[in-house]
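> Structure below; questions to follow.
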Amino acid sequence: MQIMGLQTAQPSLESCGASAHGSFLLLLLSLGWLLPSRAQAEDSRLGAMTPWLQGTSWDLSWQRPELTVFLSRDRRDTEKKVCPPERKAHAVDENLVLYEEWELEACVDGALLAAQMDLVNMLPFTYQQLGVFKRKLDEFYPQGYPESLIQHLGYFFLELTPADIHKWNVTSLETVKALLQVSKGQKRDGQVAALIARYAAGGGQLDKAALDTLATFSPTYLCFLSPEQLGTVQPSVLWAVRPQHLEACRPPQMHVLYPRAHAAFQNVSRSEYFAKIKPYLGGAPTEDLRALSRQKVNMDMATFKTLQTEAVLPLTIAEVQNLLGPNLVGLKAEEENSPVREWILRQRQDDLDSLGLGLHGGIPNGYLVMDLSFREALSGAARLLGPGPVLTAIPTLLLTLTPK
């Protein structure tokens, strides 16, 4: 790391001319020490190497592991050094590009970086140098970055983790849209989902432009949108959904997503339809579950557990049997969990016994289920019993009331 190891004061990069500066950028890029996006930003400022940048592949990831090992060892050897007085940074400028990591650790503080974040994004710092800057900012803002800094993060946003972002308070839609733009094509789906979660937590609403940009990311953010916003997501997003993307969705959200997915997938084959609609079945009504039962789709138990309890309760034993197929045996393991528990309580025990699964908790033989709902008395007295199934032993009651 001879370039970054210079200890003496260096002349301004701009004073070397565009050609020399372009050569320096080329060297950093070829070594894998420079983010391509930052090279483009610097190049646009000086016009040093536009033709070369436009015709070059940016896949330098193969060089980074070895570089990381080498630089990490170098940092361990020098991390406790004290900043020489003449190296103390008072501004973010091109001279910092030539600092070694230990110098950045010792000579740059978080307050300076926060105040001049726009300049951090304009200079060709290496991945490792940016990592030092992140540590300095995290130390300066241990409770999370303020929105005044978030608004100026730019490409530095790519250095952050979802855990970092979950500490934020984001209220500006323009800030959200700016960070979405820098994240496009960068495989930062987790960071984007965290950003949308924090914005939605403060009551923020996305406009069409933001939703259109979100459509280019993996739909890990869906459950952070309001039902109203879910009603406007593009059909292409619905096709990209996987079960894990909807695990955090609430019933009102699923009630919006299911009919939209049902409409989007209606022209595909039966087998493909079930594969695509599975993640959305948490919003399916009883009549649609019955239709799937007639198709004998062999639903897995993990999907069955996501169904709405009120949609499962009216299903008969035969309908559940057709719905699950060979996966019916999974009912035993789930008999104490919703919605299986509530469904069992509605079935006759002798019908459950016919399945041969050892299910217990059904209505005993000779009992009748009566749904009694007591209204409040005209006098205004409180309701004594709420609605619900009441088991009444009719034969025993008749014997008790018969005169002897």
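Ligands are numbered from 1 in the order shown, residues from 1 within each chain, and chains are lettered A, B, ... in the order they appear in the structure tokens.
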Give me, as an MDAnalysis selection string, all polymer residues having an atom no more than 9 Å from A:Gly204, counting only C-alpha atoms and skipping those fewer than 3 positions away in the same chain.
chainID A and resid 170:173 196 198:201
> Can you tell me, as a ChimeraX atom specification, which residues in stretch 40-263 of chain A count as alpha helix (DSSP H) by DSSP?
/A:40-46,50-54,64-78,101-107,110-115,117-122,127-140,147-150,162-165,173-183,189-201,208-214,227-230,235-240,251-263
> So that I can see what lies close to stretch 335-342 of chain A, please list as a compact mmCIF listing (two decimals) with N, CA and C atoms, in the first residue's frame the residues with an atom at most 7 Å from it, counting only C-alpha atoms and leaving out residues fewer than 3 positions away in the same chain.

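Ended up saving to part-v6.txt:
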```txt
# COMPACT_ATOMS: atom_id res chain seq x y z
N LYS A 305 -51.00 -22.72 7.81
CA LYS A 305 -50.92 -21.94 9.04
C LYS A 305 -51.04 -20.44 8.81
N THR A 309 -58.04 -17.42 10.25
CA THR A 309 -58.84 -18.34 11.05
C THR A 309 -60.31 -18.30 10.63
N LEU A 313 -62.45 -21.78 9.50
CA LEU A 313 -63.48 -22.37 10.36
C LEU A 313 -64.65 -22.99 9.61
N LEU A 331 -51.65 -31.91 10.59
CA LEU A 331 -52.63 -31.35 11.52
C LEU A 331 -52.33 -31.74 12.97
N LYS A 332 -51.81 -32.94 13.16
CA LYS A 332 -51.55 -33.43 14.51
C LYS A 332 -50.53 -32.55 15.22
N LEU A 345 -62.07 -27.46 17.15
CA LEU A 345 -63.17 -27.24 18.10
C LEU A 345 -64.53 -27.22 17.41
N ARG A 346 -64.56 -26.94 16.12
CA ARG A 346 -65.81 -26.87 15.38
C ARG A 346 -66.24 -28.22 14.79
```
> For A:Pro146, find every residue with an atom within 12 Å (counting only C-alpha atoms), except residues of its own chain fewer than 6 positions away, and show them as a PyMOL selection string.
chain A and resi 114-115+137-138+140+152-153+164-165+167-171
> Kindly export the residues of the current selection with N, CA, C and O atoms, as a PDB file, in the first residue's frame.

```pdb
ATOM      1  N   ALA A 114     -19.502  14.690   9.171  1.00  0.00           N
ATOM      2  CA  ALA A 114     -20.929  15.005   9.101  1.00  0.00           C
ATOM      3  C   ALA A 114     -21.157  16.365   8.453  1.00  0.00           C
ATOM      4  O   ALA A 114     -22.092  16.544   7.670  1.00  0.00           O
ATOM      5  N   ALA A 115     -20.284  17.314   8.741  1.00  0.00           N
ATOM      6  CA  ALA A 115     -20.445  18.663   8.204  1.00  0.00           C
ATOM      7  C   ALA A 115     -20.091  18.741   6.728  1.00  0.00           C
ATOM      8  O   ALA A 115     -20.605  19.604   6.006  1.00  0.00           O
ATOM      9  N   LEU A 137     -18.316   8.151  12.191  1.00  0.00           N
ATOM     10  CA  LEU A 137     -19.672   8.701  12.283  1.00  0.00           C
ATOM     11  C   LEU A 137     -20.512   7.929  13.295  1.00  0.00           C
ATOM     12  O   LEU A 137     -21.305   8.513  14.035  1.00  0.00           O
ATOM     13  N   ASP A 138     -20.343   6.610  13.331  1.00  0.00           N
ATOM     14  CA  ASP A 138     -21.088   5.805  14.300  1.00  0.00           C
ATOM     15  C   ASP A 138     -20.704   6.165  15.733  1.00  0.00           C
ATOM     16  O   ASP A 138     -21.556   6.159  16.632  1.00  0.00           O
ATOM     17  N   PHE A 140     -19.684   9.111  16.646  1.00  0.00           N
ATOM     18  CA  PHE A 140     -20.170  10.473  16.882  1.00  0.00           C
ATOM     19  C   PHE A 140     -21.689  10.493  17.087  1.00  0.00           C
ATOM     20  O   PHE A 140     -22.220  11.308  17.839  1.00  0.00           O
ATOM     21  N   HIS A 152     -27.797  14.239   3.277  1.00  0.00           N
ATOM     22  CA  HIS A 152     -26.583  14.456   2.488  1.00  0.00           C
ATOM     23  C   HIS A 152     -25.744  13.183   2.319  1.00  0.00           C
ATOM     24  O   HIS A 152     -24.616  13.269   1.834  1.00  0.00           O
ATOM     25  N   LEU A 153     -26.285  12.028   2.671  1.00  0.00           N
ATOM     26  CA  LEU A 153     -25.483  10.804   2.620  1.00  0.00           C
ATOM     27  C   LEU A 153     -25.062  10.442   1.201  1.00  0.00           C
ATOM     28  O   LEU A 153     -23.936  10.005   0.974  1.00  0.00           O
ATOM     29  N   ASP A 164     -28.098  -0.141  11.029  1.00  0.00           N
ATOM     30  CA  ASP A 164     -27.815   1.292  11.142  1.00  0.00           C
ATOM     31  C   ASP A 164     -29.063   2.106  10.826  1.00  0.00           C
ATOM     32  O   ASP A 164     -29.422   3.051  11.548  1.00  0.00           O
ATOM     33  N   ILE A 165     -29.734   1.738   9.744  1.00  0.00           N
ATOM     34  CA  ILE A 165     -30.860   2.524   9.235  1.00  0.00           C
ATOM     35  C   ILE A 165     -32.053   2.445  10.175  1.00  0.00           C
ATOM     36  O   ILE A 165     -32.817   3.407  10.304  1.00  0.00           O
ATOM     37  N   LYS A 167     -32.132   2.779  13.150  1.00  0.00           N
ATOM     38  CA  LYS A 167     -31.997   3.760  14.228  1.00  0.00           C
ATOM     39  C   LYS A 167     -32.475   5.151  13.817  1.00  0.00           C
ATOM     40  O   LYS A 167     -32.534   6.046  14.635  1.00  0.00           O
ATOM     41  N   TRP A 168     -32.772   5.324  12.542  1.00  0.00           N
ATOM     42  CA  TRP A 168     -33.050   6.654  12.011  1.00  0.00           C
ATOM     43  C   TRP A 168     -34.489   7.094  12.252  1.00  0.00           C
ATOM     44  O   TRP A 168     -35.385   6.293  12.494  1.00  0.00           O
ATOM     45  N   ASN A 169     -34.668   8.399  12.099  1.00  0.00           N
ATOM     46  CA  ASN A 169     -35.989   9.006  12.014  1.00  0.00           C
ATOM     47  C   ASN A 169     -36.035   9.764  10.696  1.00  0.00           C
ATOM     48  O   ASN A 169     -35.398  10.804  10.551  1.00  0.00           O
ATOM     49  N   VAL A 170     -36.767   9.219   9.713  1.00  0.00           N
ATOM     50  CA  VAL A 170     -36.792   9.791   8.367  1.00  0.00           C
ATOM     51  C   VAL A 170     -38.178  10.355   8.087  1.00  0.00           C
ATOM     52  O   VAL A 170     -39.174   9.620   8.147  1.00  0.00           O
ATOM     53  N   THR A 171     -38.258  11.632   7.781  1.00  0.00           N
ATOM     54  CA  THR A 171     -39.550  12.267   7.519  1.00  0.00           C
ATOM     55  C   THR A 171     -39.644  12.873   6.125  1.00  0.00           C
ATOM     56  O   THR A 171     -40.736  13.226   5.692  1.00  0.00           O
TER      57      THR A 171
END
```
> Contacts of A:Phe274 at 10 Å or less, counting only C-alpha atoms, minus same-chain residues fewer than 2 places along, as number ranges by chain?
A: 262, 265, 268-272, 276-279, 281, 292, 295, 297-299
> Pick out the closest residue to A:Asp212 from this set: A:Ser293, A:Gln321, A:Thr306, A:Gln181. Count only C-alpha atoms.
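With only C-alpha atoms as the atom set, the closest residue is A:Gln181.
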> In terms of the shortest atom-to-atom distance over only C-alpha atoms, which of A:Asp300, A:Asp189, A:Glu334, A:Glu159 is closest to A:Thr220?
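Smallest distance to A:Thr220 is found for A:Asp189.
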> If you measure from atom CA of A:Gln234 to atom CA of A:Ala215, what distance in Å do you get, rounded to one decimal?
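Calculated distance between atom CA of A:Gln234 and atom CA of A:Ala215 is 6.9 Å.
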> Which residues come within 9 Å of A:Asp350, counting only C-alpha atoms, excluding same-chain residues fewer than 4 positions away, as a CSV table (one decimal) with C-alpha atoms, in the first residue's frame?

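Result written to part_20.csv:
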```csv
chain,number,residue,atom,x,y,z
A,354,SER,CA,-62.2,-41.1,11.1
A,362,GLY,CA,-63.7,-31.9,18.8
A,363,ILE,CA,-67.4,-31.9,19.8
A,364,PRO,CA,-68.2,-35.1,21.8
A,365,ASN,CA,-70.8,-37.6,20.4
```
> Would you tabulate, counting only C-alpha atoms, all residues of stretch 267-299 of chain A that have an atom at most 10 Å from an atom of stretch 244-251 of chain A, showing the closest pair of atoms and their distance in Å to one decimal, sorted by chain then ascending number, as CSV?

```
residue,atom,partner,partner_atom,distance
A:Pro279,CA,A:Leu246,CA,6.9
A:Tyr280,CA,A:Leu246,CA,7.8
A:Gly282,CA,A:Pro251,CA,7.4
A:Gly283,CA,A:Pro251,CA,6.8
```
> Take atom CA of A:Tyr258 and atom CA of A:Ala284 and report the distance between them in Å, one decimal.
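A separation of 6.3 Å between them.
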> Quick one: residues within 8 Å of A:Gln253, only C-alpha atoms counted, chain neighbours fewer than 2 positions away excluded, as a ChimeraX atom specification?
/A:223,226-227,230,249-251,255-257
